[in-house]
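To be precise, the following lines are data-v6.tsv, and they hold TSV, C-alpha atoms.
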```
chain	number	residue	atom	x	y	z
A	206	MET	CA	34.90	64.45	16.91
A	207	GLY	CA	34.78	63.77	20.65
A	208	ILE	CA	38.11	64.39	22.29
A	209	PHE	CA	37.63	61.68	24.90
A	210	GLY	CA	36.02	59.15	22.58
A	211	GLU	CA	37.62	55.69	22.77
A	212	VAL	CA	40.09	56.78	25.43
A	213	TRP	CA	38.38	55.34	28.48
A	214	ASP	CA	37.72	51.63	28.69
A	215	PRO	CA	34.56	51.27	30.82
A	216	VAL	CA	35.97	48.05	32.26
A	217	SER	CA	39.45	49.21	33.21
A	218	SER	CA	38.95	52.93	33.84
A	219	PRO	CA	38.60	54.07	37.45
A	220	GLU	CA	35.30	55.74	36.56
A	221	ASN	CA	33.16	55.75	33.46
A	222	ALA	CA	33.61	59.04	31.63
A	223	SER	CA	31.22	60.40	29.06
A	224	PRO	CA	32.76	61.78	25.86
A	225	MET	CA	33.85	65.39	25.96
A	226	ILE	CA	32.60	67.34	22.96
A	227	VAL	CA	35.02	69.57	21.13
A	228	VAL	CA	33.88	73.19	21.18
A	229	SER	CA	34.48	75.68	18.42
A	230	GLN	CA	37.14	78.36	18.78
A	231	ARG	CA	36.09	81.00	21.29
A	232	ASN	CA	35.50	84.54	20.16
A	233	GLN	CA	38.64	86.33	21.32
A	234	TRP	CA	36.87	89.65	21.82
A	235	VAL	CA	34.35	88.02	24.12
A	236	VAL	CA	37.20	86.49	26.07
A	237	LEU	CA	38.87	89.89	26.32
A	238	ALA	CA	35.68	91.51	27.52
A	239	TRP	CA	35.16	88.76	30.09
A	240	THR	CA	38.69	89.21	31.37
A	241	VAL	CA	38.32	92.98	31.58
A	242	VAL	CA	35.07	92.58	33.44
A	243	TRP	CA	36.50	90.22	36.00
A	244	ILE	CA	39.42	92.57	36.52
A	245	LEU	CA	37.28	95.70	36.64
A	246	LEU	CA	34.16	94.79	38.49
A	247	THR	CA	33.37	91.52	40.20
A	248	VAL	CA	31.34	90.48	43.15
A	249	PHE	CA	28.32	92.62	43.93
A	250	VAL	CA	28.93	96.30	44.47
A	251	SER	CA	28.26	98.03	47.71
A	252	ALA	CA	26.41	96.14	50.33
A	253	VAL	CA	28.36	95.99	53.51
A	254	ALA	CA	27.29	95.50	57.04
A	255	VAL	CA	28.86	96.83	60.20
A	256	ALA	CA	27.43	96.69	63.67
A	257	GLU	CA	26.83	100.38	64.18
A	258	THR	CA	24.00	102.84	63.66
A	259	VAL	CA	24.36	105.54	61.04
A	260	THR	CA	23.52	108.96	62.44
A	261	GLY	CA	20.78	110.62	60.43
A	262	SER	CA	20.46	107.63	58.12
A	263	THR	CA	17.15	106.53	56.63
A	264	TRP	CA	18.40	102.94	56.91
A	265	SER	CA	18.18	101.55	60.42
A	266	PHE	CA	20.69	99.21	61.99
A	267	PRO	CA	18.44	96.13	61.56
A	268	SER	CA	18.47	96.82	57.81
A	269	VAL	CA	22.23	97.18	57.75
A	270	GLY	CA	22.85	94.25	60.06
A	271	ILE	CA	21.10	91.80	57.78
A	272	LEU	CA	23.95	92.08	55.31
A	273	GLU	CA	26.61	90.71	57.63
A	274	PRO	CA	25.25	87.14	57.77
A	275	ALA	CA	24.18	87.42	54.12
A	276	TYR	CA	27.84	87.66	53.14
A	277	ASP	CA	28.21	84.21	54.67
A	278	PHE	CA	25.11	82.96	52.83
A	279	ASN	CA	23.25	82.48	56.09
A	280	ASP	CA	19.88	80.88	55.32
A	281	GLU	CA	17.89	83.05	57.72
A	282	ALA	CA	19.38	86.28	56.40
A	283	LEU	CA	18.80	85.26	52.78
A	284	ARG	CA	15.22	84.32	53.60
A	285	GLU	CA	14.60	87.72	55.21
A	286	ILE	CA	16.02	89.53	52.17
A	287	ARG	CA	13.70	87.58	49.90
A	288	ASP	CA	10.70	88.21	52.18
A	289	ARG	CA	11.35	91.96	52.18
A	290	ALA	CA	11.88	92.22	48.43
A	291	SER	CA	8.23	92.95	47.61
A	292	SER	CA	7.90	95.83	50.09
A	293	GLY	CA	8.28	98.45	47.36
A	294	LYS	CA	11.10	100.19	49.24
A	295	ALA	CA	14.28	101.03	47.34
A	296	PHE	CA	16.62	99.65	49.97
A	297	ASP	CA	14.83	96.30	50.02
A	298	ALA	CA	14.99	96.15	46.21
A	299	PHE	CA	18.69	96.96	46.49
A	300	LEU	CA	19.18	94.08	48.96
A	301	MET	CA	17.43	91.67	46.61
A	302	ALA	CA	19.37	92.96	43.60
A	303	THR	CA	22.58	92.47	45.56
A	304	LEU	CA	21.60	88.91	46.41
A	305	LYS	CA	20.64	88.09	42.82
A	306	TYR	CA	23.79	89.64	41.47
A	307	TRP	CA	25.86	87.63	43.93
A	308	GLU	CA	24.13	84.43	42.81
A	309	TYR	CA	24.89	85.39	39.20
A	310	GLN	CA	28.54	86.02	40.05
A	311	ALA	CA	28.87	82.61	41.68
A	312	ASP	CA	27.24	80.85	38.72
A	313	ARG	CA	27.69	83.06	35.68
A	314	VAL	CA	26.87	80.36	33.15
A	315	ASP	CA	23.29	79.97	34.44
A	316	ALA	CA	20.98	82.06	32.23
A	317	SER	CA	18.15	82.10	34.78
A	318	LYS	CA	20.41	83.72	37.37
A	319	LYS	CA	21.55	86.28	34.85
A	320	ASP	CA	17.92	87.17	34.04
A	321	ALA	CA	17.00	87.48	37.72
A	322	ALA	CA	19.99	89.73	38.39
A	323	SER	CA	19.11	91.94	35.43
A	324	GLU	CA	15.49	92.31	36.57
A	325	TRP	CA	16.29	93.20	40.18
A	326	LEU	CA	19.15	95.53	39.29
A	327	GLY	CA	16.69	97.46	37.13
A	328	LEU	CA	14.09	97.59	39.90
A	329	ALA	CA	16.69	98.82	42.39
A	330	CYS	CA	17.76	101.59	40.01
A	331	SER	CA	14.24	102.80	39.27
A	332	SER	CA	12.95	102.68	42.86
A	333	SER	CA	16.04	104.36	44.33
A	334	LYS	CA	15.76	107.14	41.74
A	335	VAL	CA	12.13	107.76	42.72
A	336	GLU	CA	12.98	107.91	46.43
A	337	TRP	CA	15.92	110.27	45.87
A	338	ARG	CA	13.78	112.60	43.76
A	339	ALA	CA	11.27	112.67	46.62
A	340	GLU	CA	14.07	113.61	49.06
A	341	PRO	CA	16.79	115.35	47.00
A	342	ASP	CA	18.69	116.51	50.10
A	343	ASN	CA	18.86	113.03	51.64
A	344	ASP	CA	22.49	111.88	51.38
A	345	ASP	CA	21.67	108.21	51.92
A	346	ALA	CA	19.01	108.24	49.20
A	347	GLN	CA	21.46	109.90	46.82
A	348	PHE	CA	24.16	107.36	47.64
A	349	LEU	CA	21.75	104.47	47.14
A	350	TYR	CA	20.73	105.70	43.69
A	351	GLY	CA	24.34	106.34	42.64
A	352	ILE	CA	25.55	102.95	43.78
A	353	CYS	CA	22.60	101.18	42.10
A	354	CYS	CA	23.54	102.86	38.80
A	355	CYS	CA	27.15	101.70	39.15
A	356	ASN	CA	25.96	98.25	40.11
A	357	ARG	CA	23.81	97.87	37.01
A	358	ALA	CA	26.56	99.37	34.83
A	359	ARG	CA	28.92	96.67	35.95
A	360	PHE	CA	26.38	94.02	35.02
A	361	PHE	CA	26.00	95.54	31.54
A	362	VAL	CA	29.77	95.50	31.10
A	363	GLU	CA	29.84	91.83	31.96
A	364	GLU	CA	27.14	91.20	29.39
A	365	SER	CA	29.00	93.31	26.78
A	366	SER	CA	26.17	95.87	26.65
A	367	TRP	CA	28.66	98.70	26.32
A	368	SER	CA	26.33	101.61	25.56
A	369	ARG	CA	24.03	100.86	28.47
A	370	ALA	CA	27.03	100.35	30.72
A	371	TYR	CA	28.39	103.75	29.72
A	372	PHE	CA	25.17	105.66	30.43
A	373	ASP	CA	24.60	103.96	33.80
A	374	SER	CA	28.24	104.52	34.78
A	375	ARG	CA	28.08	108.17	33.81
A	376	GLU	CA	24.90	108.70	35.83
A	377	GLY	CA	26.18	106.86	38.91
A	378	ILE	CA	29.49	108.69	38.91
A	379	ARG	CA	27.78	112.06	38.43
A	380	VAL	CA	25.47	111.42	41.38
A	381	LEU	CA	28.22	110.22	43.70
A	382	GLU	CA	30.63	113.01	42.81
A	383	ASP	CA	27.86	115.52	43.49
A	384	LEU	CA	27.28	113.86	46.87
A	385	LEU	CA	30.97	114.19	47.74
A	386	LYS	CA	30.94	117.88	46.82
A	387	ARG	CA	28.06	118.50	49.17
A	388	ASN	CA	29.25	116.12	51.85
A	389	PRO	CA	33.00	115.32	51.61
A	390	GLY	CA	32.71	113.15	54.69
A	391	TYR	CA	30.47	110.58	52.97
A	392	VAL	CA	33.40	108.19	52.63
A	393	ASP	CA	31.40	105.32	51.17
A	394	ALA	CA	30.91	107.29	47.95
A	395	LEU	CA	34.66	106.96	47.39
A	396	PHE	CA	34.36	103.21	46.94
A	397	PRO	CA	32.99	102.91	43.37
A	398	LEU	CA	35.07	105.90	42.25
A	399	GLY	CA	38.17	104.21	43.67
A	400	VAL	CA	37.35	100.96	41.88
A	401	PHE	CA	37.06	102.71	38.53
A	402	GLU	CA	40.23	104.75	39.00
A	403	ALA	CA	42.39	101.86	40.21
A	404	TYR	CA	41.24	99.16	37.83
A	405	LEU	CA	41.08	101.33	34.73
A	406	SER	CA	44.81	101.87	35.15
A	407	ASP	CA	45.27	98.40	33.68
A	408	ALA	CA	42.42	98.47	31.17
A	409	PRO	CA	43.04	97.67	27.48
A	410	LEU	CA	43.40	100.57	25.07
A	411	LEU	CA	39.85	100.07	23.83
A	412	LEU	CA	38.54	101.14	27.26
A	413	LYS	CA	40.80	104.16	27.71
A	414	PRO	CA	38.50	106.56	25.79
A	415	LEU	CA	35.58	105.40	27.95
A	416	ALA	CA	37.61	106.11	31.08
A	417	ARG	CA	38.37	109.64	29.92
A	418	LEU	CA	34.71	110.26	29.04
A	419	LEU	CA	33.79	109.24	32.58
A	420	GLY	CA	36.40	111.60	34.00
A	421	PHE	CA	38.99	109.03	35.12
A	422	ARG	CA	42.71	109.14	34.40
A	423	GLY	CA	43.33	105.54	35.38
A	424	ASN	CA	45.63	106.54	38.24
A	425	ALA	CA	46.10	103.41	40.33
A	426	GLU	CA	47.42	105.13	43.44
A	427	ASP	CA	44.55	107.62	43.55
A	428	GLY	CA	42.07	104.77	43.22
A	429	LEU	CA	43.76	102.63	45.86
A	430	SER	CA	43.86	105.60	48.20
A	431	SER	CA	40.09	106.02	47.88
A	432	LEU	CA	39.57	102.31	48.49
A	433	ARG	CA	41.75	102.41	51.61
A	434	LYS	CA	39.72	105.31	52.99
A	435	ALA	CA	36.48	103.45	52.38
A	436	ALA	CA	37.91	100.26	53.90
A	437	ALA	CA	39.08	102.12	57.01
A	438	ASN	CA	36.22	104.56	57.59
A	439	GLY	CA	33.28	103.55	55.44
A	440	ILE	CA	30.07	102.16	56.86
A	441	TRP	CA	28.45	100.52	53.86
A	442	THR	CA	31.47	99.56	51.79
A	443	ARG	CA	34.18	98.28	54.12
A	444	ILE	CA	34.04	94.66	53.02
A	445	GLU	CA	33.72	95.53	49.34
A	446	SER	CA	36.69	97.89	49.57
A	447	CYS	CA	38.79	95.16	51.20
A	448	PHE	CA	37.77	92.77	48.45
A	449	TYR	CA	38.78	95.13	45.66
A	450	LEU	CA	42.04	96.06	47.35
A	451	GLY	CA	42.90	92.38	47.63
A	452	TYR	CA	41.82	91.63	44.10
A	453	TYR	CA	43.85	94.53	42.74
A	454	TYR	CA	47.03	93.14	44.30
A	455	TYR	CA	46.12	89.67	43.04
A	456	SER	CA	45.20	90.50	39.44
A	457	ILE	CA	47.05	93.73	38.62
A	458	GLY	CA	49.64	94.44	41.29
A	459	GLU	CA	50.83	90.82	41.18
A	460	ASP	CA	51.58	90.89	44.89
A	461	PRO	CA	50.12	87.64	46.27
A	462	ASN	CA	51.37	88.35	49.78
A	463	ARG	CA	49.44	91.61	50.10
A	464	ALA	CA	46.41	90.11	48.38
A	465	HIS	CA	46.58	87.09	50.68
A	466	ALA	CA	46.31	89.32	53.76
A	467	TYR	CA	42.97	90.74	52.55
A	468	PHE	CA	41.45	87.44	51.49
A	469	ALA	CA	42.64	85.60	54.59
A	470	GLU	CA	40.62	88.08	56.64
A	471	LEU	CA	37.58	87.82	54.38
A	472	TYR	CA	37.63	84.02	54.38
A	473	ALA	CA	38.10	83.86	58.15
A	474	ARG	CA	35.11	86.14	58.63
A	475	TYR	CA	32.89	84.55	55.96
A	476	PRO	CA	33.89	80.88	55.56
A	477	GLY	CA	30.51	80.13	53.99
A	478	ASN	CA	31.20	82.41	51.02
A	479	PRO	CA	32.56	80.15	48.25
A	480	VAL	CA	33.92	83.01	46.12
A	481	PHE	CA	35.99	84.39	48.99
A	482	GLY	CA	37.10	80.80	49.65
A	483	TYR	CA	38.12	80.15	46.06
A	484	LEU	CA	40.22	83.31	45.84
A	485	PHE	CA	41.82	82.67	49.22
A	486	GLY	CA	42.70	79.16	48.08
A	487	ARG	CA	44.16	80.54	44.85
A	488	LEU	CA	46.40	82.89	46.79
A	489	CYS	CA	47.51	80.11	49.12
A	490	GLU	CA	48.44	78.14	46.03
A	491	LEU	CA	50.37	81.03	44.51
A	492	ARG	CA	52.31	81.45	47.75
A	493	GLY	CA	53.30	77.78	47.69
A	494	ASP	CA	51.00	76.58	50.49
A	495	THR	CA	49.46	73.83	48.37
A	496	VAL	CA	48.17	71.72	51.27
A	497	HIS	CA	46.17	74.62	52.71
A	498	ALA	CA	45.01	75.63	49.23
A	499	LEU	CA	43.71	72.11	48.58
A	500	GLU	CA	41.79	72.15	51.86
A	501	VAL	CA	40.20	75.51	51.05
A	502	TYR	CA	39.33	74.50	47.47
A	503	ARG	CA	37.60	71.33	48.60
A	504	SER	CA	35.65	73.18	51.28
A	505	SER	CA	34.58	75.90	48.84
A	506	GLU	CA	33.56	73.32	46.26
A	507	GLN	CA	31.25	71.58	48.71
A	508	ARG	CA	29.81	74.88	49.95
A	509	ALA	CA	29.17	76.04	46.38
A	510	LEU	CA	27.54	72.75	45.43
A	511	GLY	CA	25.24	73.10	48.43
A	512	LEU	CA	24.25	76.57	47.26
A	513	GLY	CA	23.76	75.46	43.66
A	514	ALA	CA	26.56	77.80	42.56
A	515	MET	CA	27.93	75.45	39.94
A	516	ASP	CA	30.42	77.75	38.22
A	517	ILE	CA	32.44	78.50	41.35
A	518	ALA	CA	32.03	74.87	42.43
A	519	ASN	CA	33.57	73.78	39.13
A	520	TRP	CA	36.45	76.24	39.44
A	521	SER	CA	37.18	75.01	42.96
A	522	GLY	CA	36.93	71.36	41.91
A	523	TYR	CA	39.21	71.93	38.94
A	524	ARG	CA	41.89	73.60	41.05
A	525	ALA	CA	41.62	70.89	43.71
A	526	GLY	CA	41.97	68.07	41.17
A	527	ALA	CA	44.98	69.71	39.52
A	528	LEU	CA	46.62	70.23	42.91
A	529	MET	CA	46.12	66.56	43.80
A	530	VAL	CA	48.06	65.67	40.67
A	531	ASP	CA	50.78	68.17	41.61
A	532	LEU	CA	51.04	66.54	45.03
A	533	GLY	CA	51.51	63.10	43.47
A	534	SER	CA	48.05	61.69	44.24
A	535	HIS	CA	47.45	60.86	40.60
A	536	GLN	CA	44.60	58.39	41.02
A	537	GLU	CA	42.62	60.58	43.39
A	538	GLY	CA	43.28	63.64	41.26
A	539	LEU	CA	42.15	61.80	38.14
A	540	SER	CA	38.96	60.64	39.85
A	541	MET	CA	38.21	64.19	40.99
A	542	LEU	CA	38.68	65.55	37.48
A	543	ILE	CA	36.45	62.86	35.98
A	544	ARG	CA	33.70	63.66	38.50
A	545	LEU	CA	34.05	67.31	37.58
A	546	ARG	CA	33.74	66.51	33.87
A	547	LYS	CA	30.54	64.57	34.45
A	548	ARG	CA	28.75	67.49	36.09
A	549	ILE	CA	29.74	70.24	33.64
A	550	PRO	CA	26.68	71.07	31.48
A	551	PRO	CA	26.97	71.84	27.76
A	552	HIS	CA	26.44	75.57	28.30
A	553	ALA	CA	29.61	75.72	30.42
A	554	GLU	CA	31.90	74.06	27.89
A	555	GLU	CA	33.69	77.29	27.02
A	556	GLN	CA	34.93	77.79	30.56
A	557	GLU	CA	38.64	77.34	31.21
A	558	TYR	CA	38.06	74.57	33.73
A	559	PHE	CA	36.41	72.53	30.96
A	560	LEU	CA	38.95	73.35	28.28
A	561	ARG	CA	41.91	72.51	30.49
A	562	LEU	CA	40.58	69.13	31.68
A	563	PRO	CA	42.24	66.92	29.00
A	564	TYR	CA	45.64	68.41	29.82
A	565	GLU	CA	45.26	67.93	33.59
A	566	MET	CA	43.88	64.42	33.16
A	567	SER	CA	46.80	63.57	30.88
A	568	ARG	CA	49.20	64.63	33.62
A	569	ALA	CA	47.44	62.27	36.00
A	570	LEU	CA	47.53	59.42	33.46
A	571	ILE	CA	51.26	59.90	32.94
A	572	GLY	CA	51.73	59.69	36.70
A	573	LEU	CA	49.81	56.40	36.64
A	574	ASP	CA	52.06	55.12	33.82
A	575	ARG	CA	49.14	55.16	31.38
A	576	ARG	CA	51.09	57.01	28.72
A	577	ASP	CA	49.17	55.65	25.74
A	578	ASP	CA	45.90	57.01	27.15
A	579	ALA	CA	47.59	60.32	27.89
A	580	ARG	CA	48.96	60.48	24.36
A	581	ARG	CA	45.50	60.00	22.84
A	582	TYR	CA	44.14	62.82	24.97
A	583	LEU	CA	46.97	65.17	24.06
A	584	GLU	CA	47.00	64.36	20.34
A	585	ALA	CA	43.27	65.07	20.10
A	586	ILE	CA	43.76	68.69	21.18
A	587	ASP	CA	44.25	71.16	18.34
A	588	VAL	CA	44.62	74.93	18.28
A	589	SER	CA	40.86	75.47	17.91
A	590	TRP	CA	40.36	74.01	21.38
A	591	ASP	CA	42.14	76.68	23.40
A	592	ARG	CA	45.51	78.25	22.67
A	593	ASP	CA	46.93	77.91	26.17
A	594	THR	CA	45.73	74.33	26.51
A	595	TYR	CA	47.09	73.56	23.04
A	596	ARG	CA	50.51	75.00	23.92
A	597	LEU	CA	50.70	73.15	27.26
A	598	SER	CA	49.46	69.92	25.73
A	599	LYS	CA	51.98	69.93	22.90
A	600	ALA	CA	54.80	70.63	25.35
A	601	LEU	CA	53.67	67.71	27.53
A	602	LEU	CA	53.30	65.49	24.49
A	603	ARG	CA	56.93	66.12	23.55
A	604	THR	CA	58.03	64.68	26.89
A	605	LEU	CA	56.48	61.30	26.09
A	606	PRO	CA	58.72	58.69	24.41
A	607	LYS	CA	57.88	58.06	20.78
A	608	ASP	CA	56.48	54.69	19.81
```

Exercise: express the given structure as structure tokens:
Amino acid sequence: MGIFGEVWDPVSSPENASPMIVVSQRNQWVVLAWTVVWILLTVFVSAVAVAETVTGSTWSFPSVGILEPAYDFNDEALREIRDRASSGKAFDAFLMATLKYWEYQADRVDASKKDAASEWLGLACSSSKVEWRAEPDNDDAQFLYGICCCNRARFFVEESSWSRAYFDSREGIRVLEDLLKRNPGYVDALFPLGVFEAYLSDAPLLLKPLARLLGFRGNAEDGLSSLRKAAANGIWTRIESCFYLGYYYYSIGEDPNRAHAYFAELYARYPGNPVFGYLFGRLCELRGDTVHALEVYRSSEQRALGLGAMDIANWSGYRAGALMVDLGSHQEGLSMLIRLRKRIPPHAEEQEYFLRLPYEMSRALIGLDRRDDARRYLEAIDVSWDRDTYRLSKALLRTLPKD
């Protein structure tokens, strides 16, 4: 039964809303895996640009410099990465894999983006392995192969391909640890090792054996120390290390002030990156700066829509609509949430921003003194919808006067 069926009157409602279809109960293990993935490994691994030449590197400054504008989704930089992808060189395949993985991260519910990321991550792994075997003493080639393995492992984790994730992780870690033994000054190799060590400290028990097999104790301080070194002295991984430091304090350390400092810098430097924008807006919201958060959410939503990154656009739009309701702009907030509902495709109906819509729209309706409409929304939600939404909805329903 449609949850929004018969609630909106096409004549009197501010906007015509199509019925929202009730989804079946989500698989809790899939949800757990998704959560672990987002905590452990998000945003594409290792592709950072700094305006300096690497002494003895096989990658020239023009190759490195292309990544800086790519973080901001600069059209010219993205076009150059795509043009270079067919060169057959491992670094160019790595650039394309990074771009495709980033597109997948910004729109994870799009199957075509997932397939493209999988294909290019595989090509980057295979080509970098060939080049390293041809030059086994080349530190940059070894680093590139190790980081490509870790990159693909993270993708497999996100897709719940645990065995493939394990073998790629083991290979990448082995290669990078060997690099550090030979060249302790190759600071960038600390980045993926630091991510694993820090984030596995908060992993569920089911991942603890995997961590031990990979040689990690899950020591947060050791991992954060490695990330700080890479952020301060790395060449390839400075931005990524800053991201993971900030995300650690946001998701695990529960220190929004420290996390805010990292994401404020990232957003200021890359305002065209909608994922950086969304997380910066979230931290502004957590710190109580709702006006600034709303501004950032709306900007990130428009940027993401322009890029076709619908998942992050929907998250930003959902947060913006809910904040409008919090700020007392019930009609505008309701209109924003209805527009969001209209653009969410069926394959995204298990996302939290979809599942939470009836609750947020009910809050707006109550603010508009449309309590009967709000009651019908709230009463239609049962425990199979989403446990958190169910709990919030029943609590809100109890505040409404009985007929």

Leaving out stretch 344-346 of chain A and any residue of its chain fewer than 5 positions from it, which residues lie within 12 Å of it when counting only C-alpha atoms, given as a count of residues only?
-> 41

Find the residue from A:Glu376, A:Phe485, A:Gln347, A:Glu364 that sits nearest to A:Ala322; use all atoms listed in the file when measuring.
->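 Under the stated criterion, the closest residue is A:Glu364.
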
What's the 12 Å shell around stretch 428-436 of chain A, counting only C-alpha atoms, without same-chain residues fewer than 6 positions away, as number ranges by chain?
-> A: 251, 253, 255, 390-407, 421-422, 442-454, 457-458, 467

Write the residues of the preceding selection, restricted to C-alpha atoms, as a CSV table (one decimal), in the frame of the given file.
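Dumped to result-v1.csv:
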```
chain,number,residue,atom,x,y,z
A,251,SER,CA,28.3,98.0,47.7
A,253,VAL,CA,28.4,96.0,53.5
A,255,VAL,CA,28.9,96.8,60.2
A,390,GLY,CA,32.7,113.2,54.7
A,391,TYR,CA,30.5,110.6,53.0
A,392,VAL,CA,33.4,108.2,52.6
A,393,ASP,CA,31.4,105.3,51.2
A,394,ALA,CA,30.9,107.3,48.0
A,395,LEU,CA,34.7,107.0,47.4
A,396,PHE,CA,34.4,103.2,46.9
A,397,PRO,CA,33.0,102.9,43.4
A,398,LEU,CA,35.1,105.9,42.2
A,399,GLY,CA,38.2,104.2,43.7
A,400,VAL,CA,37.4,101.0,41.9
A,401,PHE,CA,37.1,102.7,38.5
A,402,GLU,CA,40.2,104.8,39.0
A,403,ALA,CA,42.4,101.9,40.2
A,404,TYR,CA,41.2,99.2,37.8
A,405,LEU,CA,41.1,101.3,34.7
A,406,SER,CA,44.8,101.9,35.2
A,407,ASP,CA,45.3,98.4,33.7
A,421,PHE,CA,39.0,109.0,35.1
A,422,ARG,CA,42.7,109.1,34.4
A,442,THR,CA,31.5,99.6,51.8
A,443,ARG,CA,34.2,98.3,54.1
A,444,ILE,CA,34.0,94.7,53.0
A,445,GLU,CA,33.7,95.5,49.3
A,446,SER,CA,36.7,97.9,49.6
A,447,CYS,CA,38.8,95.2,51.2
A,448,PHE,CA,37.8,92.8,48.4
A,449,TYR,CA,38.8,95.1,45.7
A,450,LEU,CA,42.0,96.1,47.4
A,451,GLY,CA,42.9,92.4,47.6
A,452,TYR,CA,41.8,91.6,44.1
A,453,TYR,CA,43.8,94.5,42.7
A,454,TYR,CA,47.0,93.1,44.3
A,457,ILE,CA,47.0,93.7,38.6
A,458,GLY,CA,49.6,94.4,41.3
A,467,TYR,CA,43.0,90.7,52.6
```

Provide the atom CA of A:Arg524 to atom CA of A:Ser589 distance in Å, to one decimal place.
->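 Answer for the atom CA of A:Arg524 to atom CA of A:Ser589 separation: 23.2 Å.
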
Among listed residues A:Asn462, A:Asn478, A:Ser292, A:Asn356, nearest A:Tyr276 (using all atoms listed in the file) |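 Between A:Asn462, A:Asn478, A:Ser292, A:Asn356, the residue approaching A:Tyr276 most closely is A:Asn478.
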
Atom CA of A:Gln556 to atom CA of A:Asp312: how many Å, to one decimal?
-> 11.6 Å
